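Q: My structure file coords28.csv, CSV, C-alpha atoms, is below:
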```
chain,number,residue,atom,x,y,z
A,1,MET,CA,37.4,26.2,25.1
A,2,ALA,CA,33.6,26.3,24.7
A,3,PRO,CA,32.1,29.7,23.8
A,4,ARG,CA,30.6,31.6,26.7
A,5,PHE,CA,26.8,31.3,26.7
A,6,ARG,CA,27.0,28.2,24.5
A,7,PRO,CA,23.6,26.5,25.2
A,8,GLN,CA,23.8,22.8,26.1
A,9,PRO,CA,21.7,20.8,23.7
A,10,SER,CA,18.9,18.8,25.0
A,11,ASP,CA,18.8,15.0,24.6
A,12,GLU,CA,16.2,15.4,21.8
A,13,ALA,CA,18.5,17.9,20.0
A,14,LEU,CA,21.4,15.4,20.2
A,15,ASP,CA,19.2,12.7,18.7
A,16,GLY,CA,18.8,14.8,15.6
A,17,LEU,CA,22.5,15.3,15.0
A,18,ARG,CA,24.4,13.2,12.4
A,19,SER,CA,27.4,11.4,13.6
A,20,ALA,CA,30.9,12.4,12.5
A,21,ALA,CA,34.3,11.3,13.6
A,22,ALA,CA,37.7,13.0,13.6
A,23,LEU,CA,41.3,11.8,14.3
A,24,LEU,CA,43.5,13.6,16.7
A,25,LEU,CA,46.8,12.0,15.8
A,26,VAL,CA,49.9,12.4,17.9
A,27,TYR,CA,53.3,11.7,16.2
A,28,PRO,CA,56.9,12.6,16.7
A,29,HIS,CA,58.6,15.1,14.4
A,30,ASN,CA,62.0,16.9,14.9
A,31,GLY,CA,62.2,15.7,18.5
A,32,LEU,CA,58.7,17.0,19.5
A,33,TRP,CA,55.2,15.5,19.6
A,34,HIS,CA,52.9,17.0,17.0
A,35,VAL,CA,49.3,16.9,15.9
A,36,PRO,CA,48.1,17.5,12.3
A,37,LEU,CA,45.3,20.0,11.7
A,38,THR,CA,43.7,21.0,8.4
A,39,LEU,CA,42.6,24.3,7.0
A,40,ARG,CA,39.2,23.4,5.4
A,41,GLY,CA,38.8,24.2,1.7
A,42,SER,CA,36.9,27.4,0.7
A,43,ARG,CA,34.4,25.4,-1.5
A,44,LEU,CA,33.1,23.2,1.2
A,45,ARG,CA,29.5,23.6,2.4
A,46,HIS,CA,30.2,23.8,6.2
A,47,HIS,CA,33.0,25.4,8.2
A,48,THR,CA,34.9,26.7,5.1
A,49,GLY,CA,38.3,28.2,5.9
A,50,GLN,CA,38.3,26.9,9.5
A,51,VAL,CA,41.0,24.9,11.1
A,52,SER,CA,39.8,21.3,11.9
A,53,LEU,CA,40.9,17.8,12.7
A,54,PRO,CA,40.8,15.4,9.8
A,55,GLY,CA,37.3,13.9,9.8
A,56,GLY,CA,33.8,13.7,8.5
A,57,ARG,CA,30.6,11.8,8.6
A,58,ILE,CA,30.3,8.2,9.8
A,59,ASP,CA,29.0,6.0,7.1
A,60,PRO,CA,26.2,3.5,7.8
A,61,GLY,CA,27.7,0.4,9.5
A,62,GLU,CA,31.0,2.1,10.1
A,63,SER,CA,32.6,2.4,13.6
A,64,VAL,CA,33.7,5.7,15.0
A,65,GLU,CA,37.3,4.6,14.9
A,66,GLY,CA,36.9,3.3,11.3
A,67,ALA,CA,35.4,6.6,10.1
A,68,ALA,CA,38.1,8.7,11.8
A,69,LEU,CA,40.9,6.6,10.2
A,70,ARG,CA,39.1,6.6,6.8
A,71,GLU,CA,38.6,10.4,6.8
A,72,ALA,CA,42.2,11.0,7.9
A,73,GLN,CA,43.4,8.8,5.0
A,74,GLU,CA,41.2,10.6,2.5
A,75,GLU,CA,42.0,14.1,3.6
A,76,VAL,CA,45.7,14.0,4.5
A,77,ALA,CA,46.9,10.4,3.5
A,78,ILE,CA,47.4,9.1,7.0
A,79,ASP,CA,47.8,5.3,6.6
A,80,PRO,CA,45.4,3.7,9.1
A,81,ALA,CA,47.8,0.7,9.5
A,82,THR,CA,50.3,3.1,11.2
A,83,VAL,CA,47.9,4.4,13.8
A,84,GLU,CA,47.4,2.9,17.2
A,85,VAL,CA,43.9,4.0,18.4
A,86,LEU,CA,44.2,5.0,22.1
A,87,ARG,CA,40.7,6.0,23.0
A,88,GLN,CA,37.7,8.1,22.1
A,89,LEU,CA,37.4,11.6,23.6
A,90,THR,CA,34.1,13.4,24.6
A,91,PRO,CA,31.6,13.8,21.7
A,92,VAL,CA,31.1,17.5,20.8
A,93,PRO,CA,27.7,18.7,19.4
A,94,ILE,CA,28.2,21.1,16.4
A,95,ALA,CA,24.8,22.8,16.0
A,96,ALA,CA,25.8,24.9,13.0
A,97,SER,CA,26.3,21.9,10.8
A,98,GLY,CA,24.0,19.5,12.6
A,99,HIS,CA,26.7,17.0,13.6
A,100,LEU,CA,27.8,15.2,16.8
A,101,LEU,CA,31.6,14.9,16.5
A,102,HIS,CA,33.3,11.8,18.0
A,103,PRO,CA,37.0,12.6,18.4
A,104,VAL,CA,39.4,9.6,18.3
A,105,LEU,CA,42.9,9.9,19.8
A,106,GLY,CA,45.6,8.0,17.9
A,107,LEU,CA,49.3,7.6,18.1
A,108,ALA,CA,51.8,7.1,15.3
A,109,SER,CA,55.4,6.1,15.8
A,110,GLN,CA,56.7,8.4,13.1
A,111,ARG,CA,55.5,11.4,11.1
A,112,PRO,CA,53.0,10.3,8.4
A,113,ALA,CA,53.8,11.0,4.7
A,114,PHE,CA,51.1,13.6,4.4
A,115,LEU,CA,49.4,14.4,1.1
A,116,VAL,CA,46.6,17.1,1.2
A,117,ALA,CA,43.4,16.2,-0.7
A,118,GLU,CA,42.4,19.4,-2.4
A,119,PRO,CA,39.9,21.1,-2.6
A,120,GLU,CA,38.6,19.6,0.6
A,121,VAL,CA,41.7,20.6,2.5
A,122,GLU,CA,43.4,23.8,1.7
A,123,ARG,CA,46.6,23.1,3.7
A,124,LEU,CA,48.0,21.0,6.5
A,125,ILE,CA,49.1,22.6,9.8
A,126,GLU,CA,51.5,20.6,11.9
A,127,VAL,CA,51.4,21.9,15.5
A,128,PRO,CA,53.8,20.9,18.3
A,129,VAL,CA,51.9,19.7,21.4
A,130,ALA,CA,54.2,21.8,23.6
A,131,ARG,CA,53.1,24.9,21.7
A,132,LEU,CA,49.4,24.2,22.4
A,133,GLN,CA,50.3,23.9,26.1
A,134,ASP,CA,51.4,27.6,26.1
A,135,PRO,CA,48.7,29.5,28.0
A,136,ASP,CA,49.5,32.7,26.1
A,137,LEU,CA,48.2,31.0,23.0
A,138,VAL,CA,44.6,31.1,24.3
A,139,ARG,CA,42.8,34.3,23.3
A,140,TRP,CA,39.1,35.5,23.2
A,141,GLU,CA,37.1,37.3,20.6
A,142,GLN,CA,33.4,38.2,20.0
A,143,ARG,CA,31.6,36.4,17.2
A,144,THR,CA,28.0,36.5,16.0
A,145,ARG,CA,26.2,33.2,16.5
A,146,SER,CA,25.5,31.5,13.2
A,147,LEU,CA,22.1,30.2,14.4
A,148,PRO,CA,19.3,32.3,15.9
A,149,PRO,CA,19.2,34.4,18.0
A,150,HIS,CA,22.3,35.7,16.1
A,151,ASP,CA,23.6,37.5,19.2
A,152,LEU,CA,27.3,38.0,20.2
A,153,MET,CA,29.2,35.4,22.1
A,154,ASP,CA,32.7,35.3,23.6
A,155,VAL,CA,34.7,32.7,21.8
A,156,PRO,CA,38.0,31.3,23.0
A,157,TYR,CA,40.6,30.2,20.5
A,158,PHE,CA,44.2,29.1,20.1
A,159,ALA,CA,46.0,31.9,18.3
A,160,LEU,CA,48.4,30.0,16.1
A,161,ASP,CA,50.4,32.2,13.7
A,162,ASP,CA,48.0,33.0,10.9
A,163,ALA,CA,45.3,30.5,12.1
A,164,HIS,CA,42.6,30.7,14.8
A,165,ILE,CA,41.7,27.3,16.2
A,166,TRP,CA,38.2,27.6,17.8
A,167,GLY,CA,34.9,25.8,18.2
A,168,ALA,CA,34.8,22.0,18.2
A,169,THR,CA,38.5,21.7,17.3
A,170,ALA,CA,39.6,23.9,20.2
A,171,MET,CA,37.4,21.9,22.6
A,172,VAL,CA,38.8,18.6,21.5
A,173,LEU,CA,42.4,19.9,21.8
A,174,ALA,CA,41.6,21.3,25.2
A,175,GLU,CA,40.4,17.9,26.4
A,176,PHE,CA,43.5,16.3,25.0
A,177,LEU,CA,45.7,18.9,26.8
A,178,ALA,CA,43.8,18.3,30.0
A,179,LEU,CA,44.4,14.5,29.7
A,180,LEU,CA,48.1,15.2,29.2
A,181,GLY,CA,48.1,17.4,32.3
A,182,GLU,CA,46.6,14.6,34.3
A,183,LEU,CA,49.4,12.3,33.1
A,184,ASP,CA,52.0,15.0,34.0
A,185,VAL,CA,53.6,14.7,30.5
```
Can you dump the structure from the file as structure tokens?
A:
Amino acid sequence: MAPRFRPQPSDEALDGLRSAAALLLVYPHNGLWHVPLTLRGSRLRHHTGQVSLPGGRIDPGESVEGAALREAQEEVAIDPATVEVLRQLTPVPIAASGHLLHPVLGLASQRPAFLVAEPEVERLIEVPVARLQDPDLVRWEQRTRSLPPHDLMDVPYFALDDAHIWGATAMVLAEFLALLGELDV
């Protein structure tokens, strides 16, 4: 789900990125497994109005898992005590905001009592995992790169009702779906 012609950052460029963490939580709801996504608030400095996983910067001395759980609690009120951390997924460099995103995969035995923290989060989007596995959900569009050389690039995204899930969030979800495919779930 990476955009076509997305340059791979050098090791030096990766060293300059600030660490961030996000929680990809899987939980049962109405007989199906779901993941929560957020629509980022319109007043935020980066990625406004985009669909994302709950997450944010890692504080000094904080672990990746600790940051992912803290941010998920702050943004959508996921109680860290109810999450079993399964593993970290592949870090994703996000050049536009200067972050290296460390996704954390977690499992909850029941649907969290979500509460959206406005204005950081505009709304919560609960997506059935089975829906994300539908190949017809993946589409492509052209976007102008936000960083020089502002040329066009082909960007894949999950077309989910009124939301487009693209960029780092789409890449994390694609890795998660690939892992599920390996498990034959």
Q: Using atom CA of Ala81 of chain A and atom CA of His99 of chain A as the two end points, give the distance in Å to one decimal.
A: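 Computed distance, atom CA of Ala81 of chain A to atom CA of His99 of chain A, equals 27.0 Å.
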Q: Return the single residue from A:Leu101, A:Leu115, A:Leu39, A:Val64 that is closest to Arg87 of chain A, with distances computed using all atoms listed in the file.
A: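 Looking at the shortest contact to Arg87 of chain A, the residue is A:Val64.
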Q: With a distance cut-off of 12 Å and all atoms listed in the file, select the neighbouring residues of Pro28 of chain A, excluding the residue or stretch itself and same-chain residues fewer than 5 positions from it, and output the selection as a list in words.
A: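 So, after excluding close chain neighbours, the residues are Trp33, His34, Val35, Pro36, Leu107, Ala108, Ser109, Gln110, Arg111, Pro112, Glu126, Val127, Pro128, Val129 and Ala130 of chain A.
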Q: I'd like the contact shell of Ser19 of chain A - 9 Å cut-off, all atoms listed in the file, skipping same-chain residues fewer than 6 positions apart - returned as a list in words.
A: Gly56, Arg57, Ile58, Asp59, Val64, Gly98, His99, Leu100, Leu101 and His102 of chain A
Q: Which residue out of A:Ala95, A:Leu32, A:Val51, A:Ser63 has the minimum interatomic distance to Tyr157 of chain A when all atoms listed in the file are used?
A: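 Closest residue, counting all atoms listed in the file: A:Val51.
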Q: List as a ChimeraX atom specification the protein and nucleic acid residues near segment 139-142 of chain A, meaning an atom at most 9 Å away when only C-alpha atoms are counted, but skip any in the same chain fewer than 2 places from it.
A: /A:135-137,144,152-159
Q: Which is closer to Gly106 of chain A than all the others in A:Tyr27, A:Leu17, A:Val172, A:Ile165, using all atoms listed in the file?
A: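 Distance minimum relative to Gly106 of chain A lands on A:Tyr27.
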Q: Ranking A:Thr38, A:Ser52, A:Thr82, A:Gln88 by minimum distance to Thr169 of chain A and counting all atoms listed in the file, which one comes first?
A: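 Of A:Thr38, A:Ser52, A:Thr82, A:Gln88, the one nearest Thr169 of chain A is A:Ser52, counting all atoms listed in the file.
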Q: Taking all atoms listed in the file into account, name the residue in A:Ala72, A:Leu132, A:Leu173, A:Leu180 that is nearest to Leu160 of chain A.
A: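 Counting all atoms listed in the file, the residue closest to Leu160 of chain A is A:Leu132.
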Q: Using atom CA of Thr90 of chain A and atom CA of Val138 of chain A as the two end points, give the distance in Å to one decimal.
A: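 Between these atoms lies a distance of 20.6 Å.
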Q: Grab the atom CA of Gly55 of chain A to atom CA of Ala77 of chain A distance for me, in Å with one decimal place.
A: 12.0 Å
Q: Would you list the contacts of Glu75 of chain A as a PyMOL selection string, taking every protein, DNA or RNA residue within 12 Å and counting all atoms listed in the file, but skipping same-chain residues closer than 2 positions in sequence?
A: chain A and resi 22-23+36-41+52-56+67-73+77-79+114-124
Q: Hey, which of A:Ser146, A:Asn30, A:Gln133, A:Gln50 ends up closest to Leu179 of chain A? Count only C-alpha atoms.
A: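 Among the listed residues, the smallest separation from Leu179 of chain A belongs to A:Gln133.
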Q: Which polymer residues, whether protein, DNA or RNA, lie within 7 Å of the coordinate (35.9, 25.8, 26.7) when you count all atoms listed in the file? List them as a PyMOL selection string, using the chain letters and numbers from the file.
A: chain A and resi 1-3+156+171
Q: Put those residues in a file: C-alpha atoms, as a compact mmCIF listing (two decimals), keeping the file's coordinate frame.
A:
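This is the output file again34.txt:
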```
# COMPACT_ATOMS: atom_id res chain seq x y z
CA MET A 1 37.40 26.20 25.10
CA ALA A 2 33.60 26.30 24.70
CA PRO A 3 32.10 29.70 23.80
CA PRO A 156 38.00 31.30 23.00
CA MET A 171 37.40 21.90 22.60
```
